[in-house]
Each structure stands twice: as structure tokens, then as C-alpha cells.
Amino acid sequence: MRRNSRARIGVSLLLVAGALGLGAAPSTAADTPAPSAIPAPSAYALDARVDRTLGTATAGTYLDAKTGKLVVTVTTDRAEEQARATGATVRRVARSAAQLDSAIETLEAEAKITGTSWGIDPRTNRVAVEADSSVSARDMARLEAVAERLDGAVAIKRVPGEFRREVLGGGAIYGGGSRCSAAFNVTKGGARYFVTAGHCTNISANWSASSGGSVIGVREGTSFPTNDYGIVRYTDGSSPAGTVDLYNGSTRDITSAANAVVGQAIQKSGSTTKVTSGTVTAVNVTVNYGDGPVYNMVRTTACSAGGDSGGAHFAGSVALGIHSGSSGCSGTAGSAIHQPVTEALSAYGVTVY
């Protein structure tokens with residue numbers, strides 16, 4: 001279900017960094033979902049077909065960890081018939097898309113508290129809420145009271161630390177005295193650009209490959225808060241490859257873009273934690289930062305840290321997201337959040353290559 005309410009890449013010789021860290025604590029190993037798989041291209045295509053065919057008639061899709069097949073959740077016979085016609089595996093659930101959206105709208109109206117985030121986990125058929133340590137006992141009680149009225153549609157998890165911005169100085173791509181990460185190189189009409197986090201492009205119009213270095217790109221668009229994406233056009237005459245740095249001497253060619261599916265495996269590439277792996281745990285995520293909310297994000301278990309913002313979330317050769325923030329890591333468990341890259345590509349009329 002998609003709500004409409006709202007890498008270090010092989011960018012030639014220039015490289016990435018930057019961060020909007022969510023200082024909340026990472027998941028523990030016990031919270032980590034079962035091993036996930038990278039979807040086949042046909043699974044992304046099927047997910048898009050289900051979205052077009054069923055729309056709000058499905059309560060969400062996810063990748064089954066054991067079979068690797070796309071599962072479509074439904075609440076009615078008609079929706080089940082439509083879902084089966086697409087070729088997807090079907091599961092009946094208690095709560096419809098409308099009920100989950102209604103729960104989110106109630107949270108938006110009555111519990112929009114800085115330090116909280118919520119998104120849909122179709123595997124549990126619930127809205128998964130996280131509250132960091134900055135949320136006071138009084139606000140926590142308010143959040144729990146709102147959730148209690150929603151008949152089990154909301155699950156709340158307390159996480160230590162605080163959601164906070166952590167744009168770092170030094171290294172990689174520089175602008176306005178800060179550094180950030182490029183996500184994916186993109187093109188339009190023969191011109192070359194890179195997309196990155198909007199909280200980064202808000203900082204500066206001009207970007208360099210080194211501190212105090214010559215300008216290699218100029219901002220052409222930025223959106224944060226509400227969204228978290230921006231675009232920079234190369235102005236130094238370079239023609240960088242459309243690859244992501246794997247930090248082992250090799251790169252990964254990016255040939256397409258898609259929306260992440262709950263339950264799938266992903267990788268994150270950024271200049272601080274390099275390449276880390278994880279599983280997608282929620283979509284349509286709202287994060288209530290101190291300087292405003294962002295909507296329609298994706299939550300994962302990948303490790304990340306200050307300096308990774310703007311980096312690439314991907315699976316195989318498929319671009320999935322632009323790193324927005326993280327609660328850090330505990331062992332191999334993290335909670336990296338990304339902005340779906342398809343939204344940024346559509347907003348700027350660009351494509352990966």
C-alpha cells in the first residue's frame with residue numbers, strides 16, 4: 001500500500017557523506033526479522049501491478065522471507081479475486097487499508113509528537129510506532145491513550161536516544177560548511193545530476209568534492225521537510241558512471257529504480273559506515289523531526305551513522321532510496337530510514353542509468 005498523502009556512488013572521483021541521524025536506539029537482535037531476500041525484477045513489477053490494480057483495496061504487500069514471493073494482504077473477497085488475478089500470493093487480514101490510514105490520520109491529528117515515527121507493517125497488519133527517549137512520560141501516556149482507542153491497529157515501541165539531525169563537517173561532498181552523501185547519478189536530456197537528501201541541499205546551492213575545492217555541481221531543487229530529496233546538476237563537465245561504491249574496490253551498476261517491499265533485503269552505501277545490509281520493516285513511514293515531519297519514508301534494519309545521509313539504499317542493480325536518517329547500530333541491527341527514490345526521480349523528471 002502506498003499513501004499519497006503525502007552511496008557512496010561512483011560519482012566520478014567525487015564522493016559522499018553527510019547525515020540526518022535519528023538518535024534513537026537501534027533494534028536488538030531479537031527484533032530483527034527473519035532473513036530476507038532480494039526480490040527478483042518480476043517481484044518489483046508485480047508489486048507495481050498490484051498497486052495499480054488494487055490501490056487501497058489491499059492493506060499492503062510484503063516479501064515472504066521463506067519463499068521470496070510477494071504476498072498481498074486483503075480484507076474482501078473481491079480484493080482477493082483481483083489479487084490472485086495478478087499472480088500474487090494472497091493473505092486475508094483483519095484491517096483494511098482504510099482502517100490503517102484512519103489510524104495514521106488519528107495519530108497525525110492527536111499525537112504528532114517530536115521524537116516519534118510511524119509506518120505500516122503489512123506483515124503484522126498494524127501501524128508500527130516508535131517513540132524515542134525525548135518523548136516525555138506525559139506525551140507517552142497521550143500516545144498510548146490514542147493508540148488504545150484504535151482497537152489494536154497500533155503497536156508502540158520505545159527506543160532510547162533521540163531523533164536528531166547530524167549533518168557533519170569534513171570529507172566527501174561539501175556545501176555550506178557541511179558534508180553530505182550523493183545517492184544516485186541520474187540523467188535528463190543528456191545532462192548529468194545526482195540526487196541526495198533534501199536536508200543536505202537545503203544547506204547550500206554549490207557543492208564541491210573537497211573542503212574549499214572548486215564547485216562541481218549546483219543545486220537545482222530541494223525538498224525538506226515533508227520530503228527529503230534534492231538534486232544537484234554537474235557543472236564541471238564530468239560524465240560520472242551510474243554506479244554505487246561497494247567500498248571493497250568494486251562498484252554496483254544501477255540500472256533501474258523501484259519502491260522497496262516490506263520483508264526484502266537491502267544494502268546501504270555511505271561514507272561513514274560504508275556498505276551495510278538490512279531488511280525493510282515498514283513503509284509509508286512518518287518521522288516527526290524537530291524541524292518538521294517527513295512522510296512516505298521507508299524503515300529498514302540497516303546500520304548507519306552520522307555522515308551517511310544522502311547515501312544510497314539499493315538491492316542488486318535496483319535503486320530504492322536516499323538515506324535520510326538512522327538510530328544507529330547495535331551489532332548488525334540498525335534502523336536506517338530512506339526517502340523512496342522513485343518519488344525524487346518523478347519530481348525532477350530524471351532517470352538512473
# chains A, B, ... in the order shown; residues from 1 in each chain; ligands from 1

$ residues_around --residues "region 333-349 of chain A" --least-positions-apart "4" --cutoff "8 Å" --atoms "only C-alpha atoms" --output "PDB file with N, CA and C atoms, in the first residue's frame"
ATOM      1  N   PRO A  26      18.909   1.489  18.204  1.00  0.00           N
ATOM      2  CA  PRO A  26      18.631   0.504  17.183  1.00  0.00           C
ATOM      3  C   PRO A  26      17.834  -0.667  17.731  1.00  0.00           C
ATOM      4  N   SER A  27      17.329  -1.467  16.802  1.00  0.00           N
ATOM      5  CA  SER A  27      16.644  -2.676  17.207  1.00  0.00           C
ATOM      6  C   SER A  27      17.644  -3.645  17.808  1.00  0.00           C
ATOM      7  N   THR A  28      17.182  -4.520  18.646  1.00  0.00           N
ATOM      8  CA  THR A  28      18.034  -5.578  19.166  1.00  0.00           C
ATOM      9  C   THR A  28      17.960  -6.759  18.227  1.00  0.00           C
ATOM     10  N   ALA A  29      18.856  -7.723  18.434  1.00  0.00           N
ATOM     11  CA  ALA A  29      18.861  -8.891  17.569  1.00  0.00           C
ATOM     12  C   ALA A  29      17.517  -9.609  17.620  1.00  0.00           C
ATOM     13  N   THR A  32      15.045  -8.360  15.089  1.00  0.00           N
ATOM     14  CA  THR A  32      15.377  -8.465  13.690  1.00  0.00           C
ATOM     15  C   THR A  32      14.508  -9.514  13.013  1.00  0.00           C
ATOM     16  N   LYS A 188      18.934  13.557 -17.489  1.00  0.00           N
ATOM     17  CA  LYS A 188      17.753  14.106 -18.156  1.00  0.00           C
ATOM     18  C   LYS A 188      18.229  14.932 -19.336  1.00  0.00           C
ATOM     19  N   VAL A 195      21.194  12.813  -7.131  1.00  0.00           N
ATOM     20  CA  VAL A 195      20.168  13.084  -6.129  1.00  0.00           C
ATOM     21  C   VAL A 195      20.757  12.780  -4.763  1.00  0.00           C
ATOM     22  N   GLY A 221      17.198  21.744  -7.164  1.00  0.00           N
ATOM     23  CA  GLY A 221      15.939  21.501  -6.482  1.00  0.00           C
ATOM     24  C   GLY A 221      16.184  20.946  -5.092  1.00  0.00           C
ATOM     25  N   ASN A 227       9.220  16.109   2.438  1.00  0.00           N
ATOM     26  CA  ASN A 227      10.011  15.103   1.733  1.00  0.00           C
ATOM     27  C   ASN A 227      11.451  15.241   2.217  1.00  0.00           C
ATOM     28  N   ASP A 228      12.341  14.391   1.680  1.00  0.00           N
ATOM     29  CA  ASP A 228      13.761  14.555   1.976  1.00  0.00           C
ATOM     30  C   ASP A 228      14.592  14.181   0.747  1.00  0.00           C
ATOM     31  N   TYR A 229      14.469  14.998  -0.300  1.00  0.00           N
ATOM     32  CA  TYR A 229      15.266  14.775  -1.502  1.00  0.00           C
ATOM     33  C   TYR A 229      15.674  16.096  -2.126  1.00  0.00           C
ATOM     34  N   GLY A 230      16.769  16.060  -2.857  1.00  0.00           N
ATOM     35  CA  GLY A 230      17.251  17.230  -3.584  1.00  0.00           C
ATOM     36  C   GLY A 230      18.050  16.760  -4.786  1.00  0.00           C
ATOM     37  N   ILE A 231      18.340  17.680  -5.702  1.00  0.00           N
ATOM     38  CA  ILE A 231      19.067  17.318  -6.914  1.00  0.00           C
ATOM     39  C   ILE A 231      20.126  18.365  -7.216  1.00  0.00           C
ATOM     40  N   ALA A 257      15.003   1.598 -11.009  1.00  0.00           N
ATOM     41  CA  ALA A 257      14.556   2.084  -9.701  1.00  0.00           C
ATOM     42  C   ALA A 257      13.190   1.491  -9.395  1.00  0.00           C
ATOM     43  N   ALA A 258      12.916   1.270  -8.105  1.00  0.00           N
ATOM     44  CA  ALA A 258      11.634   0.695  -7.697  1.00  0.00           C
ATOM     45  C   ALA A 258      11.346   1.100  -6.264  1.00  0.00           C
ATOM     46  N   ASN A 259      10.116   0.826  -5.818  1.00  0.00           N
ATOM     47  CA  ASN A 259       9.749   1.031  -4.422  1.00  0.00           C
ATOM     48  C   ASN A 259      10.130  -0.200  -3.615  1.00  0.00           C
ATOM     49  N   ALA A 260      10.694  -0.004  -2.438  1.00  0.00           N
ATOM     50  CA  ALA A 260      11.071  -1.115  -1.568  1.00  0.00           C
ATOM     51  C   ALA A 260       9.830  -1.858  -1.092  1.00  0.00           C
ATOM     52  N   GLY A 278      20.438  -4.906   5.489  1.00  0.00           N
ATOM     53  CA  GLY A 278      19.297  -4.967   6.388  1.00  0.00           C
ATOM     54  C   GLY A 278      18.050  -5.433   5.677  1.00  0.00           C
ATOM     55  N   ASN A 296       5.908   9.344   3.995  1.00  0.00           N
ATOM     56  CA  ASN A 296       6.081   8.314   2.970  1.00  0.00           C
ATOM     57  C   ASN A 296       7.509   7.797   2.900  1.00  0.00           C
ATOM     58  N   MET A 297       8.156   7.643   4.064  1.00  0.00           N
ATOM     59  CA  MET A 297       9.505   7.116   4.125  1.00  0.00           C
ATOM     60  C   MET A 297       9.469   5.596   4.292  1.00  0.00           C
ATOM     61  N   VAL A 298      10.656   4.976   4.298  1.00  0.00           N
ATOM     62  CA  VAL A 298      10.781   3.530   4.455  1.00  0.00           C
ATOM     63  C   VAL A 298      11.745   3.246   5.608  1.00  0.00           C
ATOM     64  N   ARG A 299      11.359   2.344   6.516  1.00  0.00           N
ATOM     65  CA  ARG A 299      12.201   1.981   7.652  1.00  0.00           C
ATOM     66  C   ARG A 299      12.864   0.630   7.388  1.00  0.00           C
ATOM     67  N   THR A 300      14.160   0.529   7.705  1.00  0.00           N
ATOM     68  CA  THR A 300      14.913  -0.705   7.492  1.00  0.00           C
ATOM     69  C   THR A 300      15.743  -1.024   8.732  1.00  0.00           C
ATOM     70  N   THR A 301      16.402  -2.195   8.733  1.00  0.00           N
ATOM     71  CA  THR A 301      17.256  -2.568   9.856  1.00  0.00           C
ATOM     72  C   THR A 301      18.735  -2.374   9.532  1.00  0.00           C
ATOM     73  N   ALA A 302      19.053  -1.689   8.428  1.00  0.00           N
ATOM     74  CA  ALA A 302      20.459  -1.474   8.060  1.00  0.00           C
ATOM     75  C   ALA A 302      21.152  -0.563   9.062  1.00  0.00           C
ATOM     76  N   CYS A 303      22.425  -0.812   9.294  1.00  0.00           N
ATOM     77  CA  CYS A 303      23.222   0.047  10.169  1.00  0.00           C
ATOM     78  C   CYS A 303      23.622   1.315   9.423  1.00  0.00           C
ATOM     79  N   SER A 304      23.660   2.423  10.148  1.00  0.00           N
ATOM     80  CA  SER A 304      24.124   3.693   9.575  1.00  0.00           C
ATOM     81  C   SER A 304      24.493   4.608  10.720  1.00  0.00           C
ATOM     82  N   HIS A 313      20.364   3.559  -0.861  1.00  0.00           N
ATOM     83  CA  HIS A 313      19.750   2.301  -0.455  1.00  0.00           C
ATOM     84  C   HIS A 313      19.396   1.572  -1.745  1.00  0.00           C
ATOM     85  N   ALA A 319      17.852   0.770  -7.652  1.00  0.00           N
ATOM     86  CA  ALA A 319      17.865   1.898  -6.719  1.00  0.00           C
ATOM     87  C   ALA A 319      16.547   1.922  -5.960  1.00  0.00           C
ATOM     88  N   LEU A 320      16.622   2.064  -4.624  1.00  0.00           N
ATOM     89  CA  LEU A 320      15.424   2.069  -3.796  1.00  0.00           C
ATOM     90  C   LEU A 320      15.212   3.371  -3.041  1.00  0.00           C
ATOM     91  N   GLY A 321      16.281   3.934  -2.453  1.00  0.00           N
ATOM     92  CA  GLY A 321      16.047   5.096  -1.615  1.00  0.00           C
ATOM     93  C   GLY A 321      17.262   5.959  -1.380  1.00  0.00           C
ATOM     94  N   ILE A 322      16.996   7.136  -0.820  1.00  0.00           N
ATOM     95  CA  ILE A 322      18.004   8.124  -0.440  1.00  0.00           C
ATOM     96  C   ILE A 322      18.042   8.162   1.081  1.00  0.00           C
ATOM     97  N   HIS A 323      19.204   7.900   1.657  1.00  0.00           N
ATOM     98  CA  HIS A 323      19.302   7.805   3.113  1.00  0.00           C
ATOM     99  C   HIS A 323      18.936   9.128   3.781  1.00  0.00           C
ATOM    100  N   SER A 324      18.005   9.045   4.726  1.00  0.00           N
ATOM    101  CA  SER A 324      17.535  10.236   5.420  1.00  0.00           C
ATOM    102  C   SER A 324      18.040  10.296   6.846  1.00  0.00           C
ATOM    103  N   GLY A 325      17.943   9.183   7.574  1.00  0.00           N
ATOM    104  CA  GLY A 325      18.336   9.216   8.971  1.00  0.00           C
ATOM    105  C   GLY A 325      18.483   7.831   9.535  1.00  0.00           C
ATOM    106  N   SER A 326      18.902   7.753  10.793  1.00  0.00           N
ATOM    107  CA  SER A 326      19.131   6.457  11.412  1.00  0.00           C
ATOM    108  C   SER A 326      19.167   6.584  12.921  1.00  0.00           C
ATOM    109  N   SER A 327      18.895   5.478  13.584  1.00  0.00           N
ATOM    110  CA  SER A 327      19.028   5.438  15.035  1.00  0.00           C
ATOM    111  C   SER A 327      20.338   4.798  15.433  1.00  0.00           C
ATOM    112  N   GLY A 328      21.196   4.498  14.478  1.00  0.00           N
ATOM    113  CA  GLY A 328      22.491   3.903  14.780  1.00  0.00           C
ATOM    114  C   GLY A 328      22.458   2.401  14.681  1.00  0.00           C
ATOM    115  N   CYS A 329      23.406   1.742  15.327  1.00  0.00           N
ATOM    116  CA  CYS A 329      23.557   0.293  15.212  1.00  0.00           C
ATOM    117  C   CYS A 329      23.804  -0.354  16.563  1.00  0.00           C
TER     118      CYS A 329
END

$ residues_around --residues "Ser256 (chain A)" --least-positions-apart "6" --cutoff "10 Å" --atoms "only C-alpha atoms" --output "ChimeraX atom specification"
/A:41,316-320,342,351-353

$ write_last_selection --atoms "all heavy atoms" --output "PDB file, in the first residue's frame"
ATOM      1  N   PRO A  41      13.459  -9.054 -10.320  1.00  0.00           N
ATOM      2  CA  PRO A  41      12.809  -7.930 -11.023  1.00  0.00           C
ATOM      3  C   PRO A  41      11.312  -8.130 -11.202  1.00  0.00           C
ATOM      4  O   PRO A  41      10.531  -7.185 -11.143  1.00  0.00           O
ATOM      5  CB  PRO A  41      13.547  -7.913 -12.368  1.00  0.00           C
ATOM      6  CG  PRO A  41      14.905  -8.460 -12.054  1.00  0.00           C
ATOM      7  CD  PRO A  41      14.662  -9.528 -11.015  1.00  0.00           C
ATOM      8  N   GLY A 316      20.694  -5.240  -5.276  1.00  0.00           N
ATOM      9  CA  GLY A 316      21.213  -5.624  -6.576  1.00  0.00           C
ATOM     10  C   GLY A 316      21.453  -4.391  -7.416  1.00  0.00           C
ATOM     11  O   GLY A 316      22.081  -3.428  -6.964  1.00  0.00           O
ATOM     12  N   SER A 317      20.908  -4.376  -8.611  1.00  0.00           N
ATOM     13  CA  SER A 317      21.081  -3.229  -9.515  1.00  0.00           C
ATOM     14  C   SER A 317      19.929  -2.244  -9.449  1.00  0.00           C
ATOM     15  O   SER A 317      19.831  -1.332 -10.274  1.00  0.00           O
ATOM     16  CB  SER A 317      21.234  -3.727 -10.961  1.00  0.00           C
ATOM     17  OG  SER A 317      20.064  -4.421 -11.367  1.00  0.00           O
ATOM     18  N   VAL A 318      19.045  -2.399  -8.435  1.00  0.00           N
ATOM     19  CA  VAL A 318      17.842  -1.572  -8.329  1.00  0.00           C
ATOM     20  C   VAL A 318      18.015  -0.481  -7.271  1.00  0.00           C
ATOM     21  O   VAL A 318      18.293  -0.776  -6.101  1.00  0.00           O
ATOM     22  CB  VAL A 318      16.613  -2.432  -7.985  1.00  0.00           C
ATOM     23  CG1 VAL A 318      15.352  -1.564  -7.894  1.00  0.00           C
ATOM     24  CG2 VAL A 318      16.415  -3.532  -9.026  1.00  0.00           C
ATOM     25  N   ALA A 319      17.852   0.770  -7.652  1.00  0.00           N
ATOM     26  CA  ALA A 319      17.865   1.898  -6.719  1.00  0.00           C
ATOM     27  C   ALA A 319      16.547   1.922  -5.960  1.00  0.00           C
ATOM     28  O   ALA A 319      15.475   1.833  -6.563  1.00  0.00           O
ATOM     29  CB  ALA A 319      18.052   3.205  -7.485  1.00  0.00           C
ATOM     30  N   LEU A 320      16.622   2.064  -4.624  1.00  0.00           N
ATOM     31  CA  LEU A 320      15.424   2.069  -3.796  1.00  0.00           C
ATOM     32  C   LEU A 320      15.212   3.371  -3.041  1.00  0.00           C
ATOM     33  O   LEU A 320      14.085   3.858  -2.955  1.00  0.00           O
ATOM     34  CB  LEU A 320      15.470   0.915  -2.788  1.00  0.00           C
ATOM     35  CG  LEU A 320      15.496  -0.497  -3.377  1.00  0.00           C
ATOM     36  CD1 LEU A 320      15.705  -1.514  -2.261  1.00  0.00           C
ATOM     37  CD2 LEU A 320      14.216  -0.790  -4.142  1.00  0.00           C
ATOM     38  N   THR A 342      12.041   6.748  -6.127  1.00  0.00           N
ATOM     39  CA  THR A 342      11.114   6.925  -7.255  1.00  0.00           C
ATOM     40  C   THR A 342      10.388   8.261  -7.173  1.00  0.00           C
ATOM     41  O   THR A 342      10.094   8.875  -8.200  1.00  0.00           O
ATOM     42  CB  THR A 342      10.094   5.779  -7.309  1.00  0.00           C
ATOM     43  OG1 THR A 342       9.437   5.665  -6.033  1.00  0.00           O
ATOM     44  CG2 THR A 342      10.764   4.454  -7.658  1.00  0.00           C
ATOM     45  N   THR A 351      16.178  10.027 -14.654  1.00  0.00           N
ATOM     46  CA  THR A 351      16.235   8.578 -14.575  1.00  0.00           C
ATOM     47  C   THR A 351      17.633   8.126 -14.149  1.00  0.00           C
ATOM     48  O   THR A 351      18.617   8.818 -14.401  1.00  0.00           O
ATOM     49  CB  THR A 351      15.915   7.917 -15.927  1.00  0.00           C
ATOM     50  OG1 THR A 351      16.835   8.403 -16.921  1.00  0.00           O
ATOM     51  CG2 THR A 351      14.495   8.253 -16.363  1.00  0.00           C
ATOM     52  N   VAL A 352      17.702   6.965 -13.503  1.00  0.00           N
ATOM     53  CA  VAL A 352      19.014   6.362 -13.218  1.00  0.00           C
ATOM     54  C   VAL A 352      19.532   5.777 -14.516  1.00  0.00           C
ATOM     55  O   VAL A 352      18.792   5.556 -15.471  1.00  0.00           O
ATOM     56  CB  VAL A 352      18.902   5.265 -12.128  1.00  0.00           C
ATOM     57  CG1 VAL A 352      18.440   5.871 -10.809  1.00  0.00           C
ATOM     58  CG2 VAL A 352      17.968   4.149 -12.577  1.00  0.00           C
ATOM     59  N   TYR A 353      20.844   5.494 -14.542  1.00  0.00           N
ATOM     60  CA  TYR A 353      21.424   4.937 -15.777  1.00  0.00           C
ATOM     61  C   TYR A 353      22.584   4.016 -15.459  1.00  0.00           C
ATOM     62  O   TYR A 353      23.079   4.014 -14.338  1.00  0.00           O
ATOM     63  CB  TYR A 353      21.884   6.061 -16.702  1.00  0.00           C
ATOM     64  CG  TYR A 353      22.924   6.979 -16.122  1.00  0.00           C
ATOM     65  CD1 TYR A 353      24.283   6.694 -16.233  1.00  0.00           C
ATOM     66  CD2 TYR A 353      22.539   8.147 -15.441  1.00  0.00           C
ATOM     67  CE1 TYR A 353      25.244   7.543 -15.700  1.00  0.00           C
ATOM     68  CE2 TYR A 353      23.498   8.999 -14.899  1.00  0.00           C
ATOM     69  CZ  TYR A 353      24.836   8.689 -15.034  1.00  0.00           C
ATOM     70  OH  TYR A 353      25.792   9.532 -14.492  1.00  0.00           O
TER      71      TYR A 353
END

$ residues_around --residues "Glu108 (chain A)" --least-positions-apart "6" --cutoff "10 Å" --atoms "only C-alpha atoms" --output "short mmCIF file (atom, residue, chain, number, x, y, z; two decimals) with N, CA and C atoms, in the first residue's frame"
data_model
loop_
_atom_site.label_atom_id
_atom_site.label_comp_id
_atom_site.auth_asym_id
_atom_site.auth_seq_id
_atom_site.Cartn_x
_atom_site.Cartn_y
_atom_site.Cartn_z
N SER A 102 -6.82 5.39 8.54
CA SER A 102 -7.57 6.12 9.55
C SER A 102 -6.78 6.20 10.85
N TRP A 118 5.94 6.73 12.69
CA TRP A 118 5.02 5.60 12.50
C TRP A 118 4.94 5.26 11.02
N THR A 286 6.04 8.01 8.67
CA THR A 286 6.13 9.42 9.03
C THR A 286 7.15 9.55 10.15
N ASN A 288 8.68 12.37 12.78
CA ASN A 288 8.43 13.70 13.34
C ASN A 288 9.72 14.30 13.89
#

$ residues_around --residues "Leu63 (chain A)" --least-positions-apart "3" --cutoff "7 Å" --atoms "only C-alpha atoms" --output "PyMOL selection string"
chain A and resi 68-71+261-264

$ atom_distance --atom1 "CA of Thr89 (chain A)" --atom2 "CA of Ile254 (chain A)"
28.3 Å

$ residues_around --residues "Val93 (chain A)" --least-positions-apart "3" --cutoff "7 Å" --atoms "only C-alpha atoms" --output "list in words"
Thr73, Val74, Thr75 and Asn125 of chain A

$ select_by_dssp --residues "region 27-165 of chain A" --states "alpha helix (DSSP H)" --output "VMD selection string"
chain A and resid 41 to 54 77 to 86 97 to 110 137 to 148

$ atom_distance --atom1 "CA of Asp236 (chain A)" --atom2 "CA of Ala197 (chain A)"
21.0 Å
